[in-house]
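Participant: Once you've had a glance at the structure underneath, I'll fire off some questions.
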Amino acid sequence: QTKTGIALLYDEVSENAYDIRLKLTKEVLTIQKQDVVCVSGSDHSANHRTVTLRRQPVGGLGLSIKGGAEHKVPVVISKIFKDQAAEQTGMLFIGDAIIQVNGINVESATHEEVVHLLRNAGDEVTITVQYLREAPSFLKLPLGSPGPPSDHSSGTSSPLFDSGLHLNGNSTNTAPSSPSSPIANEPKYEKRWLDTLSVPLSMARISRYKTGTDKLRSNAFEVLALDGVSSGILQFYTAQESADWLRAMSTNISDLTLQNMKMANKCCSPSDQVIHMGWVNERLEGTDSSQLYKFKFLALKGSSFYIFSTPPVSTLDWVRAEKIYNLCEVLFKIHKLWLADDCWLQANLCLGIHQDFDLEDQRPYCFSVMVGHGKSHYFNVELGSELAVWEKSFQRAIFLEVQRTGSKTYMCSWQGDTLCFTVDFALGFTCFDSKTKNVLWRFKFSQLKGSSDDGKTRVKLLFQNLDTKQIETKELEFQDLTAVLHCIHSFIAAKVASVDPVFIDSQSIARRYMYSN
């Protein structure tokens, strides 16, 4: 199904916006601009058209103009009046820039100079025009042509007033003149929407923010293709229109990503399948503590969480990731949701492991992934629905990896002894001597009643003895304590999910709030 609509293309350099038409299919976003094309007759280029107008006693030239050099735009035809001279030629259109009047170049002329020239040009006026494909929106030119019947007063709805040339000019001939009409062998022109840019949506990304900042564009966003082609900044007349188009494009990009995942998974073993992948923004701390964002492409595949600067398009690309982490040793945490009532929800899914974040940035839909050695990555997505998908995908990928792996063993020490600590999906926790392999202690997951750590290397695990009901404290020291704590969290969460899947779903903050709103 194809979606079409009118929008504006905003130019950040000139700060002008131009009327465009969008055409969205499943695979491509096409940007169209209006132009005048020759549809029959002589095969002239439609770029320049020379038209002779015969001034009429009633209605004059039958057109109005706007613009001029003082506004840094050419003088353009802003109105064409029904059944009058300009319309009868069939060769003039709203949006035509006037290049010459009776052979005099007016491309750099002011508004008043062109008005004066046209009004004093006599009964027969020859003008050369070229359709202005990027007419700034402040001219407020109607997209239809010819324009609707209009009264003969100057409009005041635009920052630039129409100058009516439908009134009689300084004519020396008061007798009725023959109407301006197309000659039989003259070419015939039409104004049409023409494709000017196609943006492939496969692996494309969307941004509502000004590059690298927290500044949200008002009712606007940019679509960037995998090959670097940009749609430019697409601006919409209302917030609702902007939201509708954002959702529609995001849906199509997501559907294509799903197709790419299915294709990739045909070449992967069952234990190395892609669970989810897509674009996010990663917050980077600048040297001056300013918050900068960069696009990153994340993937959850097999046993690993990948961070790329560009999407992997071949099997070789997977080893070129910027970062690769074991899924058992990461912790997903939602930070912010933007709710329907425009308030923040600070959400903490970090069960028992606390870490402070500077959350002063203005972006909604934020999550972090905590990794080993106390480090973390802070991400933002464009839509709440995307946040819910990432939450569910991380959960699923981690649970699958825990069940596939079955157990994880870490080297640790206590009081000079080198020990091994195993987290096992079936058995729980086991600690044994690394040399003799003698088991020192073993507890089920359900026996873990609490923990505390020094934030560096040392942790205390509090277990309840099933026989005595007393709490036993076990202290261990790890080289990468954070990874071990995340692994414990992953195994316990996967164990709970295997016993009570409904409980895990009920803990999903993103899904609960986003889907209810």
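Scheme for the structure tokens: letters A, B, ... for chains in order shown; per-chain residue numbers from 1; ligand numbers from 1 in order shown.
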Do a neighbour search on segment 25-36 of chain A at 10 Å with only C-alpha atoms, toss out local chain neighbours closer than 3 positions, and write the hits as a PyMOL selection string.
Facilitator: chain A and resi 1-4+6-7+9+18-22+39+45-49+91-93+95-96+130-135+143+189-202+204+223+225+231-232+234+248-249+251-253+255-256
Participant: What are the DSSP helix (DSSP H, G or I) residues of segment 197-396 of chain A, as a PyMOL selection string?
Facilitator: chain A and resi 239-266+270-272+315-320+327-329+372-374+384-396
Participant: Looking only at strand (DSSP E or B) from DSSP on the backbone, list the matching residues of segment 200-425 of chain A as a PyMOL selection string.
Facilitator: chain A and resi 200+205-207+209+216+220-224+230-235+274-285+291-301+304-308+323-326+331-338+344-346+366-370+376-380+407-414+417-424
Participant: Which residues are close to Val313 of chain A, i.e. within 10 Å by only C-alpha atoms, leaving aside same-chain residues fewer than 5 positions away? Reply as a list in words.
Facilitator: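 Those residues are Met203, Asn260, Ala264 and Trp318 of chain A.
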Participant: Do a neighbour search on Glu386 of chain A at 12 Å with only C-alpha atoms, toss out local chain neighbours closer than 2 positions, and write the hits as a count of residues only.
Facilitator: 31
Participant: Pick out the residues sitting within 8 Å of segment 320-323 of chain A, and hand them over as a ChimeraX atom specification; count only C-alpha atoms, and ignore anything fewer than 6 positions along from it in its own chain.
Facilitator: /A:306-309
Participant: Pick the closest to Ala397 of chain A from A:Glu475, A:Asp453, A:Asp467, A:Asp272: which is it, counting only C-alpha atoms?
Facilitator: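 Closest to Ala397 of chain A, using only C-alpha atoms: A:Asp272.
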